[in-house]
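Enquirer: Enclosed is the structure file work-v7.txt (compact mmCIF, C-alpha atoms).
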# COMPACT_ATOMS: atom_id res chain seq x y z
CA MET A 7 4.12 -37.55 20.38
CA MET A 8 7.72 -36.92 19.44
CA GLU A 9 8.89 -33.40 18.67
CA LEU A 10 11.98 -33.68 16.50
CA PRO A 11 14.47 -31.05 15.29
CA ALA A 12 13.81 -30.27 11.61
CA GLU A 13 17.56 -30.33 10.88
CA THR A 14 18.01 -33.97 11.88
CA TYR A 15 14.43 -35.11 11.49
CA PHE A 16 14.83 -38.42 9.70
CA GLU A 17 17.87 -39.35 11.75
CA ALA A 18 15.95 -38.75 14.99
CA ALA A 19 12.94 -40.67 13.69
CA SER A 20 15.09 -43.62 12.68
CA ASP A 21 16.70 -43.63 16.13
CA SER A 22 13.22 -44.20 17.56
CA VAL A 23 12.48 -47.00 15.08
CA LYS A 24 15.85 -48.59 15.84
CA ALA A 25 15.13 -48.47 19.58
CA LEU A 26 11.66 -49.98 19.09
CA VAL A 27 12.91 -52.81 16.89
CA GLY A 28 15.79 -53.38 19.31
CA GLN A 29 13.25 -53.88 22.11
CA GLY A 30 11.36 -56.51 20.15
CA PHE A 31 8.64 -54.30 18.73
CA GLU A 32 7.19 -54.94 15.28
CA GLY A 33 4.80 -52.67 13.51
CA VAL A 34 3.78 -50.31 10.78
CA TYR A 35 5.70 -47.22 9.67
CA ILE A 36 3.49 -44.72 7.86
CA SER A 37 5.72 -42.76 5.53
CA PHE A 38 4.22 -39.47 4.45
CA GLN A 39 7.63 -37.92 3.80
CA ARG A 40 9.71 -40.37 1.81
CA PRO A 41 9.10 -43.14 -0.72
CA PHE A 42 9.46 -46.75 0.41
CA ALA A 43 12.81 -47.54 -1.28
CA ASN A 44 14.45 -44.46 0.25
CA VAL A 45 13.21 -45.20 3.77
CA GLN A 46 14.13 -48.86 3.53
CA SER A 47 17.61 -48.17 2.21
CA LEU A 48 18.36 -45.55 4.91
CA PHE A 49 17.07 -47.86 7.65
CA LYS A 50 19.25 -50.68 6.35
CA GLN A 51 22.28 -48.35 6.35
CA GLN A 52 21.58 -47.70 10.02
CA GLY A 53 21.43 -51.40 10.79
CA ILE A 54 17.67 -51.52 11.38
CA ASP A 55 16.02 -54.85 10.61
CA THR A 56 13.41 -53.80 8.05
CA ASN A 57 11.72 -57.20 8.22
CA LYS A 58 10.21 -56.19 11.55
CA PHE A 59 7.73 -53.72 10.13
CA PHE A 60 5.67 -52.77 7.13
CA ILE A 61 6.04 -49.38 5.48
CA VAL A 62 2.85 -47.76 4.25
CA ASP A 63 4.14 -45.64 1.37
CA VAL A 64 1.91 -42.59 1.22
CA ALA A 65 4.64 -40.27 -0.12
CA THR A 66 4.68 -42.04 -3.48
CA ALA A 67 0.91 -41.70 -3.70
CA PHE A 68 1.13 -37.97 -2.85
CA ALA A 69 3.65 -37.43 -5.65
CA GLN A 70 1.57 -39.63 -8.00
CA GLU A 71 4.62 -41.71 -8.80
CA GLU A 72 4.54 -45.35 -9.83
CA HIS A 73 4.74 -47.99 -7.13
CA LYS A 74 7.19 -50.84 -7.16
CA LYS A 75 6.04 -54.04 -5.47
CA HIS A 76 7.76 -55.22 -2.33
CA GLU A 77 6.52 -57.60 0.36
CA ARG A 78 7.19 -55.03 3.11
CA CYS A 79 5.61 -52.12 1.29
CA VAL A 80 1.92 -51.27 1.51
CA HIS A 81 0.67 -49.08 -1.31
CA ILE A 82 -2.01 -46.46 -1.12
CA SER A 83 -3.95 -45.20 -4.13
CA PRO A 84 -3.24 -41.59 -5.24
CA ALA A 85 -6.65 -40.48 -3.93
CA ILE A 86 -5.25 -41.04 -0.41
CA ASP A 87 -8.52 -41.59 1.32
CA ILE A 88 -8.07 -41.54 5.11
CA ASP A 89 -10.34 -44.57 5.49
CA GLU A 90 -8.18 -46.48 3.01
CA LEU A 91 -5.13 -45.49 5.01
CA VAL A 92 -6.67 -46.71 8.25
CA ARG A 93 -7.66 -49.98 6.53
CA ALA A 94 -4.08 -50.42 5.30
CA ILE A 95 -2.76 -49.94 8.85
CA TYR A 96 -5.33 -52.37 10.25
CA THR A 97 -4.57 -55.03 7.63
CA SER A 98 -0.82 -54.69 8.17
CA MET A 99 -1.17 -54.89 11.96
CA ASP A 100 -3.02 -58.17 11.53
CA LYS A 101 0.11 -59.68 10.00
CA ILE A 102 2.34 -58.73 12.93
CA LYS A 103 3.25 -61.68 15.15
CA SER A 104 4.97 -59.87 18.03
CA LYS A 105 3.00 -58.97 21.15
CA LYS A 106 4.75 -55.61 21.25
CA LYS A 107 3.56 -53.56 18.31
CA PHE A 108 3.96 -50.01 17.07
CA ILE A 109 2.31 -47.63 14.65
CA PHE A 110 4.76 -44.92 13.65
CA ILE A 111 3.48 -41.80 11.85
CA ASP A 112 6.54 -40.09 10.35
CA SER A 113 5.10 -36.58 10.08
CA LEU A 114 1.77 -35.01 10.93
CA THR A 115 2.52 -31.75 9.15
CA THR A 116 3.47 -33.39 5.85
CA VAL A 117 0.08 -35.10 5.58
CA SER A 118 -1.58 -31.77 6.36
CA LEU A 119 -0.05 -30.30 3.18
CA TYR A 120 -2.29 -32.60 1.17
CA LYS A 121 -5.32 -33.32 3.31
CA PRO A 122 -7.69 -30.97 5.12
CA LEU A 123 -6.93 -30.54 8.82
CA SER A 124 -10.30 -32.05 9.69
CA GLU A 125 -9.24 -35.27 7.93
CA VAL A 126 -5.84 -35.29 9.62
CA LEU A 127 -7.50 -34.82 13.01
CA ARG A 128 -10.01 -37.57 12.21
CA PHE A 129 -7.17 -39.90 11.25
CA CYS A 130 -5.25 -39.20 14.48
CA GLU A 131 -8.34 -39.39 16.63
CA PHE A 132 -9.33 -42.70 15.08
CA LEU A 133 -5.89 -44.24 15.63
CA THR A 134 -5.75 -42.96 19.20
CA ARG A 135 -9.21 -44.37 19.90
CA ILE A 136 -8.53 -47.86 18.52
CA VAL A 137 -5.25 -48.09 20.42
CA ARG A 138 -6.86 -46.83 23.65
CA ASN A 139 -9.90 -49.10 23.34
CA HIS A 140 -7.60 -52.09 22.80
CA LYS A 141 -9.16 -52.85 19.44
CA LEU A 142 -5.53 -53.25 18.47
CA GLU A 143 -3.80 -54.89 21.42
CA GLY A 144 -0.38 -53.99 22.81
CA VAL A 145 0.17 -51.17 20.37
CA THR A 146 2.31 -48.09 20.93
CA LEU A 147 1.22 -45.24 18.70
CA ILE A 148 3.85 -42.62 17.87
CA PHE A 149 3.12 -39.33 16.12
CA ASN A 150 6.11 -37.30 14.97
CA VAL A 151 6.26 -33.60 14.32
CA ALA A 152 9.02 -31.06 13.70
CA LYS A 153 9.73 -29.02 16.82
CA ASP A 154 9.28 -25.71 14.99
CA LEU A 155 5.81 -26.80 13.87
CA ALA A 156 4.62 -28.16 17.21
CA GLN A 157 2.94 -24.85 18.06
CA LYS A 158 0.44 -25.23 15.21
CA ARG A 159 -3.10 -25.32 16.50
CA PHE A 160 -4.00 -28.73 15.06
CA ILE A 161 -0.82 -30.28 16.45
CA LYS A 162 -1.70 -28.90 19.89
CA ASP A 163 -5.15 -30.46 19.52
CA ILE A 164 -3.58 -33.83 18.77
CA ALA A 165 -1.02 -33.41 21.57
CA LEU A 166 -3.89 -32.94 24.04
CA ASN A 167 -4.97 -36.52 23.43
CA VAL A 168 -1.64 -38.29 23.71
CA ASP A 169 -0.13 -39.76 26.88
CA GLU A 170 3.27 -38.14 26.51
CA VAL A 171 5.01 -35.48 24.46
CA VAL A 172 8.73 -36.09 24.10
CA SER A 173 10.93 -33.29 22.80
CA ARG A 174 14.28 -34.32 21.34
CA MET B 22 34.78 -16.18 -8.57
CA ALA B 23 35.26 -12.66 -7.30
CA LYS B 24 36.52 -12.58 -3.73
CA ASN B 25 35.14 -10.07 -1.26
CA GLU B 26 34.49 -9.73 2.46
CA SER B 27 31.55 -12.09 2.32
CA SER B 28 33.47 -14.84 0.53
CA ILE B 29 32.58 -18.36 1.47
CA ASP B 30 34.98 -21.15 2.35
CA THR B 31 34.70 -23.03 -0.95
CA LYS B 32 36.97 -25.84 0.22
CA LYS B 33 34.78 -26.45 3.25
CA LEU B 34 31.67 -26.43 1.10
CA ALA B 35 33.24 -28.81 -1.41
CA LYS B 36 34.18 -31.10 1.49
CA GLU B 37 30.55 -31.07 2.66
CA PHE B 38 29.45 -32.00 -0.89
CA ASN B 39 32.05 -34.78 -1.08
CA ASN B 40 30.62 -36.34 2.07
CA LEU B 41 27.11 -36.60 0.64
CA GLY B 42 25.77 -39.99 -0.30
CA GLU B 43 24.35 -40.74 -3.73
CA GLY B 44 20.77 -39.47 -3.98
CA ALA B 45 21.14 -37.10 -1.01
CA ILE B 46 19.03 -33.97 -0.87
CA VAL B 47 20.59 -30.95 0.80
CA LEU B 48 19.29 -27.61 1.98
CA ILE B 49 21.90 -24.85 1.97
CA GLU B 50 21.10 -21.87 4.16
CA THR B 51 23.10 -18.78 3.46
CA SER B 52 22.96 -14.98 3.40
CA ALA B 53 21.93 -12.68 0.56
CA GLU B 54 25.56 -11.57 0.20
CA LYS B 55 26.80 -15.10 -0.29
CA ILE B 56 23.98 -16.69 -2.24
CA LEU B 57 25.47 -16.15 -5.71
CA GLU B 58 28.86 -17.45 -4.65
CA VAL B 59 27.25 -20.50 -3.08
CA HIS B 60 25.30 -21.07 -6.30
CA LEU B 61 28.42 -20.85 -8.47
CA THR B 62 30.50 -23.00 -6.12
CA ALA B 63 27.83 -25.69 -6.11
CA VAL B 64 27.34 -25.67 -9.88
CA LYS B 65 31.11 -25.79 -10.44
CA TRP B 66 31.53 -28.69 -8.04
CA LEU B 67 28.71 -30.60 -9.71
CA SER B 68 30.05 -29.82 -13.13
CA ASP B 69 33.55 -31.01 -12.16
CA LYS B 70 31.98 -34.21 -10.83
CA LYS B 71 30.35 -34.71 -14.27
CA TYR B 72 26.80 -34.49 -13.02
CA THR B 73 24.10 -33.47 -15.45
CA GLN B 74 22.43 -30.60 -13.65
CA ILE B 75 18.97 -29.18 -13.90
CA VAL B 76 19.10 -25.68 -12.43
CA LEU B 77 15.77 -24.11 -11.53
CA SER B 78 16.52 -20.42 -11.62
CA THR B 79 13.96 -18.17 -10.01
CA SER B 80 15.98 -15.00 -9.49
CA ARG B 81 18.44 -14.60 -12.37
CA PRO B 82 17.67 -14.81 -16.07
CA CYS B 83 19.27 -17.72 -17.90
CA LYS B 84 21.47 -15.47 -20.04
CA ASN B 85 22.99 -13.90 -16.94
CA LEU B 86 23.54 -17.31 -15.37
CA LEU B 87 25.21 -18.71 -18.50
CA ASP B 88 27.51 -15.68 -18.62
CA LEU B 89 28.44 -16.17 -14.97
CA TYR B 90 29.11 -19.88 -15.55
CA LYS B 91 31.41 -19.06 -18.46
CA LYS B 92 33.27 -16.40 -16.45
CA ASN B 93 33.83 -18.97 -13.71
CA ASN B 94 35.07 -21.67 -16.09
CA ILE B 95 32.06 -23.88 -15.52
CA ASP B 96 31.40 -26.42 -18.25
CA THR B 97 27.82 -25.72 -19.35
CA SER B 98 27.52 -28.72 -21.67
CA LYS B 99 25.78 -30.74 -18.96
CA ILE B 100 23.62 -27.98 -17.51
CA ILE B 101 19.95 -27.51 -18.23
CA ILE B 102 18.43 -24.28 -16.92
CA LEU B 103 14.74 -24.04 -16.12
CA CYS B 104 14.38 -20.29 -16.33
CA THR B 105 11.37 -18.75 -14.65
CA VAL B 106 12.71 -15.21 -14.93
CA CYS B 107 13.04 -14.03 -18.53
CA GLN B 108 9.83 -15.77 -19.65
CA GLU B 109 8.91 -15.49 -23.33
CA LYS B 110 11.04 -12.42 -24.01
CA GLU B 111 14.14 -14.37 -24.86
CA LYS B 112 12.54 -17.65 -25.78
CA ASN B 113 13.67 -17.66 -29.41
CA LYS B 114 17.23 -16.68 -28.55
CA GLN B 115 17.64 -19.38 -25.93
CA GLU B 116 15.87 -22.39 -27.32
CA ASN B 117 18.95 -23.81 -29.02
CA SER B 118 20.95 -23.91 -25.85
CA LYS B 119 19.85 -26.03 -22.91
CA VAL B 120 17.32 -23.62 -21.49
CA ILE B 121 13.69 -24.38 -20.81
CA HIS B 122 11.52 -21.36 -20.23
CA ILE B 123 8.82 -21.50 -17.60
CA SER B 124 6.13 -18.84 -17.61
CA SER B 125 6.72 -17.90 -13.95
CA CYS B 126 7.89 -19.38 -10.70
CA ALA B 127 4.24 -19.48 -9.64
CA SER B 128 3.65 -22.11 -12.36
CA LEU B 129 4.40 -25.01 -10.06
CA THR B 130 2.73 -27.60 -12.27
CA GLU B 131 4.76 -26.46 -15.28
CA ILE B 132 7.97 -26.58 -13.23
CA SER B 133 7.08 -30.00 -11.86
CA LEU B 134 6.39 -31.40 -15.35
CA SER B 135 9.64 -29.96 -16.72
CA LEU B 136 11.64 -31.38 -13.82
CA SER B 137 9.98 -34.79 -14.25
CA LYS B 138 10.72 -34.78 -17.99
CA GLY B 139 14.30 -33.78 -17.28
CA MET B 140 14.73 -36.56 -14.71
CA GLU B 141 13.36 -39.13 -17.15
CA SER B 142 15.36 -37.96 -20.16
CA ILE B 143 18.79 -37.73 -18.50
CA LYS B 144 20.46 -41.10 -18.30
CA ASP B 145 23.73 -40.02 -16.58
CA LYS B 146 24.01 -39.22 -12.89
CA LYS B 147 21.91 -36.16 -12.34
CA PHE B 148 21.35 -33.37 -9.87
CA ILE B 149 18.50 -30.93 -9.40
CA PHE B 150 19.39 -27.52 -8.08
CA ILE B 151 16.66 -25.15 -6.84
CA ASP B 152 17.68 -21.51 -6.41
CA SER B 153 15.95 -20.25 -4.36
CA ILE B 154 13.21 -21.13 -1.89
CA ASN B 155 12.84 -17.47 -0.91
CA THR B 156 12.07 -16.22 -4.41
CA MET B 157 9.56 -19.01 -4.82
CA LEU B 158 7.95 -17.93 -1.56
CA ILE B 159 7.35 -14.46 -2.97
CA HIS B 160 5.27 -15.96 -5.76
CA ASN B 161 3.60 -18.89 -4.03
CA GLU B 162 1.51 -19.59 -0.96
CA PRO B 163 3.74 -21.15 1.73
CA LYS B 164 1.61 -24.29 1.98
CA MET B 165 1.52 -24.77 -1.80
CA LEU B 166 5.26 -24.30 -2.02
CA ALA B 167 5.94 -26.81 0.77
CA ARG B 168 3.64 -29.27 -0.98
CA PHE B 169 5.41 -28.69 -4.30
CA ILE B 170 8.83 -29.22 -2.67
CA HIS B 171 7.61 -32.42 -1.00
CA SER B 172 6.29 -33.72 -4.30
CA ILE B 173 9.51 -32.88 -6.18
CA LEU B 174 11.71 -34.40 -3.49
CA THR B 175 9.64 -37.59 -3.56
CA LYS B 176 10.02 -37.79 -7.37
CA MET B 177 13.76 -37.21 -6.97
CA ARG B 178 14.06 -39.91 -4.34
CA THR B 179 12.02 -42.34 -6.41
CA ASN B 180 14.37 -41.73 -9.34
CA ASN B 181 17.51 -41.64 -7.16
CA VAL B 182 18.31 -38.06 -8.16
CA SER B 183 20.38 -35.89 -5.83
CA GLY B 184 19.31 -32.35 -5.06
CA LEU B 185 20.28 -29.02 -3.66
CA LEU B 186 17.96 -26.31 -2.42
CA ILE B 187 19.16 -22.86 -1.50
CA SER B 188 17.46 -20.57 0.94
CA LEU B 189 18.29 -17.42 2.84
CA GLU B 190 18.92 -18.25 6.47
CA VAL B 191 17.17 -15.33 8.11
CA ASP B 192 14.41 -14.49 5.66
CA THR B 193 12.62 -17.78 5.26
CA ASP B 194 9.21 -18.19 6.88
CA LYS B 195 9.85 -20.30 10.00
CA GLU B 196 7.12 -22.84 9.27
CA VAL B 197 8.02 -23.34 5.62
CA ARG B 198 11.65 -23.63 6.61
CA ALA B 199 10.84 -26.38 9.14
CA GLU B 200 8.52 -28.13 6.69
CA ILE B 201 11.20 -28.23 3.99
CA ALA B 202 14.18 -28.83 6.29
CA GLN B 203 12.62 -31.98 7.76
CA LEU B 204 12.39 -33.44 4.25
CA CYS B 205 16.07 -32.95 3.46
CA ASP B 206 18.92 -35.32 4.25
CA LYS B 207 21.27 -32.58 5.36
CA ILE B 208 21.25 -28.88 6.20
CA ILE B 209 24.40 -26.92 5.45
CA LYS B 210 24.78 -23.40 6.80
CA VAL B 211 27.21 -21.26 4.84
Would you mind writing the file out in structure tokens?
Expert:
Amino acid sequence: MMELPAETYFEAASDSVKALVGQGFEGVYISFQRPFANVQSLFKQQGIDTNKFFIVDVATAFAQEEHKKHERCVHISPAIDIDELVRAIYTSMDKIKSKKKFIFIDSLTTVSLYKPLSEVLRFCEFLTRIVRNHKLEGVTLIFNVAKDLAQKRFIKDIALNVDEVVSR
Amino acid sequence: MAKNESSIDTKKLAKEFNNLGEGAIVLIETSAEKILEVHLTAVKWLSDKKYTQIVLSTSRPCKNLLDLYKKNNIDTSKIIILCTVCQEKEKNKQENSKVIHISSCASLTEISLSLSKGMESIKDKKFIFIDSINTMLIHNEPKMLARFIHSILTKMRTNNVSGLLISLEVDTDKEVRAEIAQLCDKIIKV
């Protein structure tokens, strides 16, 4: 779990993605905060190779905006069912060729604005379990949270199950 | 703008604005003494840069804002005010100018629809200005407000609209502040 300063949140998150891609990782970036085009354009500005990962665009579904098709973007229906989200991650991971893979959750608190905490916990628990049980092999799972929100009870519950909490 | 002890460095603020990329969303944190001056400086800068602005006003009635804009030589021809303050009372008087009345700043759906309509109808480069987070927090549950802000910012980003949110540095609920700050591209403390 990464605890990031709220003031430079996206910048800090993109530093992590840049480092992962630089080390040969490929994966799935789950964007609860920002729509696909915005994330992709900012990553490109920072010199990140956006062909190394898929972006699951949940933000657009939250805002009930229209999706634009792109080969690197995975859409979610506005109902934002957690099972559908997990399926989307699974399907995208299947397309990754690299042995070093990542699943990057941009913000745990943003999803909790829209979904009940029980669902958010179920989502995190499920991802942690499949990564731990090697159902998805060679995967690094990264949850991100704003430092000032890390003391929330449900975040502490999730933090209990991760291998490392890194504060930036 | 009237100068007093709490005056802000307008040049510095303008420089910060000049450095923003197209479509950037900024949170300005300031004090109660400076909030009006920050508002006027921002609106003037945007007006000078020929942006069409949608100003969501939650603390001052539209008539008062328009008077202040005129006093500060701000061109109001490209400003649309979403006024949540004067409600129906002045509806008839204001409908001819670019003012849209919202029943209250607790009517988040109404605000969201008006902002979406505004974003769609304006073809020029546009800017959404929300003043202020703190007043909205008086009328809305923190979680609902954070969710509303997230939804609006996503719509803005989808439509490549820039934005400015103002909040009081010391008075904002710590969690809401963090929730909103992490969604913005830049935080400016004035």
Enquirer: Counting all atoms listed in the file, what is within 10 Å of Leu61 (chain B), bar same-chain residues fewer than 6 positions away, as a PyMOL selection string?
Expert: chain B and resi 22+67+86+89-90+93+95
Enquirer: As JSON, numbers by chain, could you give me every residue of chain A near chain B (at most 12 Å apart, counting only C-alpha atoms)?
Expert: {"A": [9, 10, 11, 12, 13, 14, 15, 16, 17, 18, 19, 37, 38, 39, 40, 41, 42, 43, 44, 45, 46, 47, 48, 51, 63, 64, 65, 66, 67, 68, 69, 70, 71, 72, 73, 74, 112, 113, 114, 115, 116, 117, 118, 119, 120, 121, 122, 150, 151, 152, 153, 154, 155, 156, 157, 158]}
Enquirer: Between CA of Phe59 (chain A) and CA of Ala165 (chain A), what is the spacing in Å?
Expert: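 So the two atoms, CA of Ala165 (chain A) and CA of Phe59 (chain A), lie 24.9 Å apart.
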Enquirer: Give me, please, the distance in Å between CA of Ile100 (chain B) and CA of Leu41 (chain B), quoted to one decimal.
Expert: 20.4 Å
Enquirer: Enter the distance from CA of Lys58 (chain A) to CA of Val145 (chain A), in Å, rounded to one decimal.
Expert: 14.3 Å
Enquirer: Write out as a CSV table (one decimal) with C-alpha atoms, in the frame of the given file each polymer residue whose atoms come within 6 Å of Leu189 (chain B), counting only C-alpha atoms; drop sequence neighbours fewer than 6 positions from it.
Expert:
chain,number,residue,atom,x,y,z
B,50,GLU,CA,21.1,-21.9,4.2
B,51,THR,CA,23.1,-18.8,3.5
B,52,SER,CA,23.0,-15.0,3.4
Enquirer: Write out as a list in words which residues come within 7 Å of region 125-142 of chain B when counting all atoms listed in the file, dropping same-chain ones fewer than 6 positions away.
Expert: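 The residues satisfying every condition are Thr79, Thr105, Val106, Gln108, Met157, His160, Asn161, Phe169 and Ile173 of chain B.
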Enquirer: Which of these residues is nearest to His81 (chain A), using all atoms listed in the file: A:Leu142, A:Ile61, A:Val137, A:Val168?
Expert: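 The closest residue to His81 (chain A) is A:Ile61.
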Enquirer: Using all atoms listed in the file, which protein or nucleic acid residues come within 9 Å of Ile187 (chain B)? Drop anything in the same chain fewer than 4 positions from it, and give the result as a VMD selection string.
Expert: chain B and resid 47 to 51 56 59 to 60 150 to 155
Enquirer: Generate the missing atoms of region 64-80 of chain A up to N, CA and C atoms and report them as a JSON list (two decimals), in the frame of the given file.
Expert:
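Written out: part.json:
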[["chain", "number", "residue", "atom", "x", "y", "z"],
["A", 64, "VAL", "N", 2.88, -43.61, 1.63],
["A", 64, "VAL", "CA", 1.91, -42.59, 1.22],
["A", 64, "VAL", "C", 2.60, -41.51, 0.38],
["A", 65, "ALA", "N", 3.90, -41.31, 0.62],
["A", 65, "ALA", "CA", 4.64, -40.27, -0.12],
["A", 65, "ALA", "C", 4.56, -40.49, -1.62],
["A", 66, "THR", "N", 4.73, -41.74, -2.04],
["A", 66, "THR", "CA", 4.68, -42.04, -3.48],
["A", 66, "THR", "C", 3.30, -41.72, -4.04],
["A", 67, "ALA", "N", 2.28, -42.01, -3.25],
["A", 67, "ALA", "CA", 0.91, -41.70, -3.70],
["A", 67, "ALA", "C", 0.70, -40.18, -3.79],
["A", 68, "PHE", "N", 1.24, -39.43, -2.82],
["A", 68, "PHE", "CA", 1.13, -37.97, -2.85],
["A", 68, "PHE", "C", 1.75, -37.41, -4.14],
["A", 69, "ALA", "N", 2.92, -37.96, -4.48],
["A", 69, "ALA", "CA", 3.65, -37.43, -5.65],
["A", 69, "ALA", "C", 3.14, -38.05, -6.95],
["A", 70, "GLN", "N", 2.17, -38.95, -6.85],
["A", 70, "GLN", "CA", 1.57, -39.63, -8.00],
["A", 70, "GLN", "C", 2.64, -40.33, -8.84],
["A", 71, "GLU", "N", 3.59, -40.93, -8.14],
["A", 71, "GLU", "CA", 4.62, -41.71, -8.80],
["A", 71, "GLU", "C", 4.20, -43.17, -8.86],
["A", 72, "GLU", "N", 4.88, -43.93, -9.70],
["A", 72, "GLU", "CA", 4.54, -45.35, -9.83],
["A", 72, "GLU", "C", 5.09, -46.16, -8.65],
["A", 73, "HIS", "N", 4.30, -47.13, -8.23],
["A", 73, "HIS", "CA", 4.74, -47.99, -7.13],
["A", 73, "HIS", "C", 5.54, -49.18, -7.64],
["A", 74, "LYS", "N", 6.51, -49.58, -6.85],
["A", 74, "LYS", "CA", 7.19, -50.84, -7.16],
["A", 74, "LYS", "C", 6.80, -51.82, -6.06],
["A", 75, "LYS", "N", 6.51, -53.06, -6.46],
["A", 75, "LYS", "CA", 6.04, -54.04, -5.47],
["A", 75, "LYS", "C", 7.16, -54.52, -4.55],
["A", 76, "HIS", "N", 6.82, -54.66, -3.30],
["A", 76, "HIS", "CA", 7.76, -55.22, -2.33],
["A", 76, "HIS", "C", 6.92, -55.79, -1.19],
["A", 77, "GLU", "N", 7.34, -56.94, -0.68],
["A", 77, "GLU", "CA", 6.52, -57.60, 0.36],
["A", 77, "GLU", "C", 6.34, -56.77, 1.64],
["A", 78, "ARG", "N", 7.28, -55.84, 1.89],
["A", 78, "ARG", "CA", 7.19, -55.03, 3.11],
["A", 78, "ARG", "C", 6.58, -53.65, 2.85],
["A", 79, "CYS", "N", 6.17, -53.43, 1.62],
["A", 79, "CYS", "CA", 5.61, -52.12, 1.29],
["A", 79, "CYS", "C", 4.10, -52.22, 1.07],
["A", 80, "VAL", "N", 3.38, -51.31, 1.69],
["A", 80, "VAL", "CA", 1.92, -51.27, 1.51],
["A", 80, "VAL", "C", 1.60, -50.02, 0.70]]
